[in-house]
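Notes to accompany the following structure.
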Amino acid sequence: MEKRKLLITDMDSRQLKKHSEQYDGWTVLNPDQEIHPCIGCFTCWKKTPGRCVFRDGFEEMAALINEADEIVYSSRFTYGGFSSFVKNVFDRSIGYVLPYFEVSDHEMHHQRRYDEIKNITFIFRGNHLNQEEKEMAINYVYAVCRNMRNNVKEVLFEQEEIPSDKNSSSAQFVKGKTVLLNCSMRGKNANSEKFLTKMAGNMKNRYDFYRLSEYRNRLDELINVISPAETLVLAMPLYVDGFPSNVIRFLEKLEEAHCGQGRKIYILANLGLYESHQLKNLLSMVRYFCLKTGYQYQGAAAVGAGELVSVLIDHMKYGPLKNVTRALSVLAEHIDSGEPMDDMYAQPFLFPRWLYIQIANRSWDLQALSAGIKPRDLRIRPERVR
């Protein structure tokens with residue numbers, strides 16, 4: 001039987017012509033096809049297992065990955081990881097794993113949906129990538145494969161003359177002006193917003209508050225609104241071990257605007273997995289972005305077990321939330337003072353991981369029941385509709 005081969009790339013049709021022989025007969029997903037960003041609704045986990053709610057040609061990524069005998073991801077090297085398109089495909093592929101959690105390699109990860117381990121090839125393209133950049137990319141894809149429950153076959157690097165815009169900005173900022181930006185596509189319903197609002201309650205200085213979700217198709221307008229700020233505070237969830245794809249698009253626009261020089265960035269990041277240290281790749285990507293754009297990286301509060309913390313944070317400050325409460329308070333103090341801080345990794349205090357996993361897995365069963373689905377049906381292995 002002929003092997004089924006899958007290429008996911010940010011190269012358009014014109015660029016792919018140079019590789020026509022190499023990928024002849026492959027299924028190719030590229031930016032010629034419009035893709036909707038993942039909005040974190042979890043429909044592919046709790047209502048239509050393995051299938052995304054958006055019917056744009058990328059709704060069956062779980063089955064497509066399962067069918068493939070060979071998989072290659074080819075991406076422009078972007079802030080230590082994938083370009084926005086390739087990352088968007090990854091974000092839309094979370095139905096390939098189950099919502100349920102388990103401990104693997106001493107860390108909390110999602111359970112497998114399929115009884116298989118894919119060996120995946122990654123190709124990064126860039127201008128004379130140095131060893132540090134290559135190590136960033138390698139560390140990132142190994143983290144991605146751990147969470148997607150697959151293996152890295154190999155990581156390759158290709159030279160590509162990507163135009164480098166060296167222009168610098170003379171745009172002035174308003175000293176002391178601070179902007180808080182909720183970068184989650186879930187908008188006001190996001191854990192990111194809840195944590196950002198709680199952190200802001202500790203601030204003494206004034207700030208402006210915006211949601212990236214409200215500017216998804218108006219990024220230039222958002223850049224114009226926030227560019228006068230001296231300090232930018234980005235709150236975001238972890239999607240597949242890095243930035244959500246919409247955040248990459250926003251950062252690309254921010255880089256194009258050349259408005260970083262002299263300005264500061266703080267980060268408030270969260271994830272549903274227990275260990276806050278799994279946010280390290282995301283924070284390293286922010287540092288890389290700052291080096292490229294002239295922003296000053298000022299530090300971060302990284303919150304683990306975000307789903308539990310978001311439920312408890314309205315009701316308590318101490319107990320299991322001791323570490324998180326302190327991290328949010330320290331972040332607020334440093335934003336007010338404008339001083340840098342060490343990254344703070346916070347997860348529930350004296351709240352065991354095994355109990356968090358038990359509660360989280362039970363929660364997915366209850367969500368299935370509320371959606372009219374039997375919990376066992378969340379584990380189905382869908383095939384593509386042909």
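Identifiers in the structure tokens: chain A, B, ... in order shown; residue index from 1 per chain; ligand index from 1 in order shown.
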Residues within 10 Å of Glu339 in chain A, only C-alpha atoms, excluding chain neighbours under 6 positions, as an NGL selection string: :A and (264 or 298-299 or 331 or 333)
All strand (DSSP E or B) residues (DSSP, backbone) inside range 206-348 of chain A, as number ranges by chain: A: 208-211, 229-237, 239, 242, 264-270, 296-303, 344-346
Top pick for closest residue to Asn246 in chain A, considering A:Leu16, A:Ile35, A:Val53, A:Ile94 and counting only C-alpha atoms: A:Ile35
Find the spatial neighbours of Leu222 in chain A, counting only C-alpha atoms, within a cut-off of 12 Å - ignore same-chain residues fewer than 2 positions away - and output them as a CSV table (one decimal) with all heavy atoms, in the first residue's frame.
chain,number,residue,atom,x,y,z
A,179,VAL,N,-0.5,49.6,29.2
A,179,VAL,CA,-1.6,48.9,28.5
A,179,VAL,C,-1.6,47.5,28.9
A,179,VAL,O,-0.5,46.8,28.9
A,179,VAL,CB,-1.4,49.0,27.0
A,179,VAL,CG1,-2.3,48.0,26.3
A,179,VAL,CG2,-1.8,50.4,26.5
A,181,LEU,N,-3.2,43.9,28.0
A,181,LEU,CA,-3.8,43.2,26.8
A,181,LEU,C,-4.1,41.8,27.1
A,181,LEU,O,-3.2,41.0,27.3
A,181,LEU,CB,-2.9,43.4,25.6
A,181,LEU,CG,-3.4,42.8,24.3
A,181,LEU,CD1,-4.7,43.5,23.8
A,181,LEU,CD2,-2.3,42.8,23.2
A,183,CYS,N,-4.7,38.5,25.6
A,183,CYS,CA,-4.4,37.9,24.3
A,183,CYS,C,-5.2,36.6,24.0
A,183,CYS,O,-4.9,36.0,23.0
A,183,CYS,CB,-2.9,37.6,24.2
A,183,CYS,SG,-1.9,39.1,24.2
A,209,PHE,N,-7.1,48.9,29.2
A,209,PHE,CA,-7.3,47.5,29.1
A,209,PHE,C,-7.9,47.2,27.7
A,209,PHE,O,-8.9,47.8,27.3
A,209,PHE,CB,-8.3,47.0,30.2
A,209,PHE,CG,-8.3,45.6,30.4
A,209,PHE,CD1,-7.8,44.9,31.5
A,209,PHE,CD2,-9.0,44.7,29.5
A,209,PHE,CE1,-7.8,43.6,31.7
A,209,PHE,CE2,-9.1,43.4,29.6
A,209,PHE,CZ,-8.5,42.8,30.7
A,210,TYR,N,-7.3,46.2,27.0
A,210,TYR,CA,-7.8,45.8,25.7
A,210,TYR,C,-7.9,44.3,25.6
A,210,TYR,O,-7.2,43.6,26.3
A,210,TYR,CB,-6.9,46.4,24.6
A,210,TYR,CG,-6.9,47.9,24.5
A,210,TYR,CD1,-5.9,48.6,25.1
A,210,TYR,CD2,-7.9,48.6,23.9
A,210,TYR,CE1,-5.8,50.0,25.1
A,210,TYR,CE2,-7.9,50.0,23.9
A,210,TYR,CZ,-6.8,50.7,24.5
A,210,TYR,OH,-6.8,52.0,24.5
A,211,ARG,N,-8.6,43.8,24.6
A,211,ARG,CA,-8.7,42.4,24.3
A,211,ARG,C,-8.3,42.1,22.9
A,211,ARG,O,-8.9,42.7,21.9
A,211,ARG,CB,-10.1,41.9,24.5
A,211,ARG,CG,-10.6,42.0,26.0
A,211,ARG,CD,-12.0,41.4,26.1
A,211,ARG,NE,-12.5,41.5,27.5
A,211,ARG,CZ,-13.4,42.5,27.8
A,211,ARG,NH1,-13.9,43.3,26.9
A,211,ARG,NH2,-13.8,42.6,29.1
A,212,LEU,N,-7.4,41.3,22.7
A,212,LEU,CA,-6.9,40.9,21.3
A,212,LEU,C,-8.0,40.3,20.5
A,212,LEU,O,-8.1,40.6,19.3
A,212,LEU,CB,-5.7,40.0,21.4
A,212,LEU,CG,-5.1,39.5,20.1
A,212,LEU,CD1,-4.6,40.7,19.3
A,212,LEU,CD2,-3.9,38.6,20.4
A,213,SER,N,-8.9,39.6,21.1
A,213,SER,CA,-10.0,38.9,20.4
A,213,SER,C,-11.0,39.9,19.7
A,213,SER,O,-11.6,39.6,18.7
A,213,SER,CB,-10.9,38.1,21.4
A,213,SER,OG,-11.4,38.9,22.4
A,214,GLU,N,-11.0,41.1,20.2
A,214,GLU,CA,-11.9,42.2,19.6
A,214,GLU,C,-11.2,42.9,18.5
A,214,GLU,O,-11.9,43.7,17.8
A,214,GLU,CB,-12.3,43.2,20.7
A,214,GLU,CG,-13.1,42.6,21.8
A,214,GLU,CD,-13.4,43.5,23.0
A,214,GLU,OE1,-12.9,44.7,22.9
A,214,GLU,OE2,-14.1,43.1,23.9
A,215,TYR,N,-9.9,42.6,18.2
A,215,TYR,CA,-9.2,43.2,17.1
A,215,TYR,C,-8.6,42.2,16.2
A,215,TYR,O,-7.7,42.5,15.5
A,215,TYR,CB,-8.1,44.1,17.7
A,215,TYR,CG,-8.5,45.3,18.4
A,215,TYR,CD1,-8.8,45.3,19.8
A,215,TYR,CD2,-8.6,46.5,17.8
A,215,TYR,CE1,-9.2,46.4,20.5
A,215,TYR,CE2,-9.0,47.7,18.4
A,215,TYR,CZ,-9.3,47.6,19.8
A,215,TYR,OH,-9.7,48.8,20.5
A,216,ARG,N,-9.2,41.0,16.1
A,216,ARG,CA,-8.6,39.9,15.4
A,216,ARG,C,-8.4,40.3,13.9
A,216,ARG,O,-7.4,39.9,13.3
A,216,ARG,CB,-9.5,38.6,15.4
A,216,ARG,CG,-8.9,37.4,14.7
A,216,ARG,CD,-9.7,36.2,15.1
A,216,ARG,NE,-11.0,36.1,14.4
A,216,ARG,CZ,-11.2,35.7,13.2
A,216,ARG,NH1,-10.2,35.3,12.5
A,216,ARG,NH2,-12.4,35.6,12.7
A,217,ASN,N,-9.3,41.0,13.3
A,217,ASN,CA,-9.2,41.4,11.9
A,217,ASN,C,-8.9,42.9,11.8
A,217,ASN,O,-9.0,43.5,10.7
A,217,ASN,CB,-10.5,41.1,11.2
A,217,ASN,CG,-10.9,39.7,11.1
A,217,ASN,OD1,-10.0,38.8,10.9
A,217,ASN,ND2,-12.1,39.3,11.4
A,218,ARG,N,-8.4,43.5,12.9
A,218,ARG,CA,-8.1,44.9,12.9
A,218,ARG,C,-6.8,45.1,13.7
A,218,ARG,O,-6.7,46.0,14.5
A,218,ARG,CB,-9.2,45.7,13.6
A,218,ARG,CG,-10.5,45.7,12.8
A,218,ARG,CD,-11.6,46.5,13.5
A,218,ARG,NE,-12.0,46.0,14.8
A,218,ARG,CZ,-12.1,46.7,15.9
A,218,ARG,NH1,-11.8,48.0,15.9
A,218,ARG,NH2,-12.5,46.1,17.0
A,219,LEU,N,-5.8,44.3,13.4
A,219,LEU,CA,-4.5,44.4,14.2
A,219,LEU,C,-3.8,45.7,14.0
A,219,LEU,O,-3.2,46.2,15.0
A,219,LEU,CB,-3.6,43.2,13.8
A,219,LEU,CG,-4.1,41.8,14.3
A,219,LEU,CD1,-3.1,40.8,13.8
A,219,LEU,CD2,-4.2,41.8,15.8
A,220,ASP,N,-3.9,46.3,12.8
A,220,ASP,CA,-3.2,47.6,12.6
A,220,ASP,C,-3.8,48.7,13.5
A,220,ASP,O,-3.1,49.5,14.1
A,220,ASP,CB,-3.3,48.0,11.2
A,220,ASP,CG,-2.5,47.2,10.2
A,220,ASP,OD1,-1.4,46.7,10.7
A,220,ASP,OD2,-2.9,47.0,9.1
A,224,ASN,N,-1.9,50.8,16.6
A,224,ASN,CA,-2.0,52.2,16.7
A,224,ASN,C,-2.5,52.7,18.1
A,224,ASN,O,-2.0,53.7,18.7
A,224,ASN,CB,-2.9,52.8,15.7
A,224,ASN,CG,-2.4,52.8,14.3
A,224,ASN,OD1,-1.2,52.7,14.1
A,224,ASN,ND2,-3.2,52.7,13.3
A,225,VAL,N,-3.4,51.9,18.7
A,225,VAL,CA,-3.9,52.2,20.0
A,225,VAL,C,-2.9,52.0,21.1
A,225,VAL,O,-2.8,52.8,22.0
A,225,VAL,CB,-5.2,51.3,20.3
A,225,VAL,CG1,-5.6,51.4,21.8
A,225,VAL,CG2,-6.3,51.8,19.4
A,226,ILE,N,-2.1,50.9,21.0
A,226,ILE,CA,-1.2,50.5,22.1
A,226,ILE,C,0.2,51.1,21.9
A,226,ILE,O,1.0,51.1,22.9
A,226,ILE,CB,-1.1,49.0,22.3
A,226,ILE,CG1,-0.4,48.3,21.1
A,226,ILE,CG2,-2.5,48.4,22.5
A,226,ILE,CD1,-0.1,46.9,21.4
A,227,SER,N,0.6,51.5,20.7
A,227,SER,CA,2.0,51.9,20.5
A,227,SER,C,2.4,53.1,21.3
A,227,SER,O,3.6,53.2,21.6
A,227,SER,CB,2.2,52.2,19.0
A,227,SER,OG,1.3,53.3,18.6
A,228,PRO,N,1.5,54.0,21.8
A,228,PRO,CA,2.0,55.1,22.6
A,228,PRO,C,2.4,54.7,24.1
A,228,PRO,O,3.0,55.5,24.8
A,228,PRO,CB,0.8,56.1,22.7
A,228,PRO,CG,0.0,55.7,21.5
A,228,PRO,CD,0.2,54.3,21.3
A,229,ALA,N,2.1,53.4,24.4
A,229,ALA,CA,2.3,53.0,25.8
A,229,ALA,C,3.8,52.7,26.0
A,229,ALA,O,4.5,52.1,25.2
A,229,ALA,CB,1.5,51.7,26.1
A,250,PHE,N,-0.1,38.9,16.0
A,250,PHE,CA,0.0,40.2,16.6
A,250,PHE,C,1.4,40.7,16.8
A,250,PHE,O,1.7,41.8,16.5
A,250,PHE,CB,-0.8,40.1,18.0
A,250,PHE,CG,-0.4,41.3,18.9
A,250,PHE,CD1,-0.9,42.6,18.7
A,250,PHE,CD2,0.3,41.1,20.1
A,250,PHE,CE1,-0.6,43.6,19.5
A,250,PHE,CE2,0.6,42.1,20.9
A,250,PHE,CZ,0.2,43.4,20.7
A,251,LEU,N,2.3,39.8,17.3
A,251,LEU,CA,3.7,40.1,17.5
A,251,LEU,C,4.4,40.5,16.2
A,251,LEU,O,5.2,41.4,16.1
A,251,LEU,CB,4.4,39.0,18.2
A,251,LEU,CG,4.0,38.7,19.7
A,251,LEU,CD1,4.7,37.6,20.3
A,251,LEU,CD2,4.1,40.0,20.5
A,253,LYS,N,2.9,41.9,13.6
A,253,LYS,CA,2.5,43.2,13.3
A,253,LYS,C,3.2,44.2,14.2
A,253,LYS,O,3.6,45.3,13.8
A,253,LYS,CB,1.0,43.3,13.5
A,253,LYS,CG,0.1,42.7,12.4
A,253,LYS,CD,0.2,43.6,11.2
A,253,LYS,CE,-0.8,43.0,10.1
A,253,LYS,NZ,-0.8,43.9,8.9
A,254,LEU,N,3.4,43.9,15.5
A,254,LEU,CA,4.1,44.8,16.4
A,254,LEU,C,5.5,45.0,16.0
A,254,LEU,O,6.0,46.1,16.0
A,254,LEU,CB,4.0,44.2,17.8
A,254,LEU,CG,4.2,45.1,19.0
A,254,LEU,CD1,3.3,46.3,19.0
A,254,LEU,CD2,4.1,44.4,20.3
A,257,ALA,N,5.8,47.4,13.1
A,257,ALA,CA,5.5,48.8,13.5
A,257,ALA,C,6.7,49.5,14.0
A,257,ALA,O,6.7,50.7,14.1
A,257,ALA,CB,4.3,48.8,14.5
Pairwise distance for CA of Tyr207 in chain A and CA of Val233 in chain A, rounded to one decimal in Å: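 So the answer is 9.9 Å.
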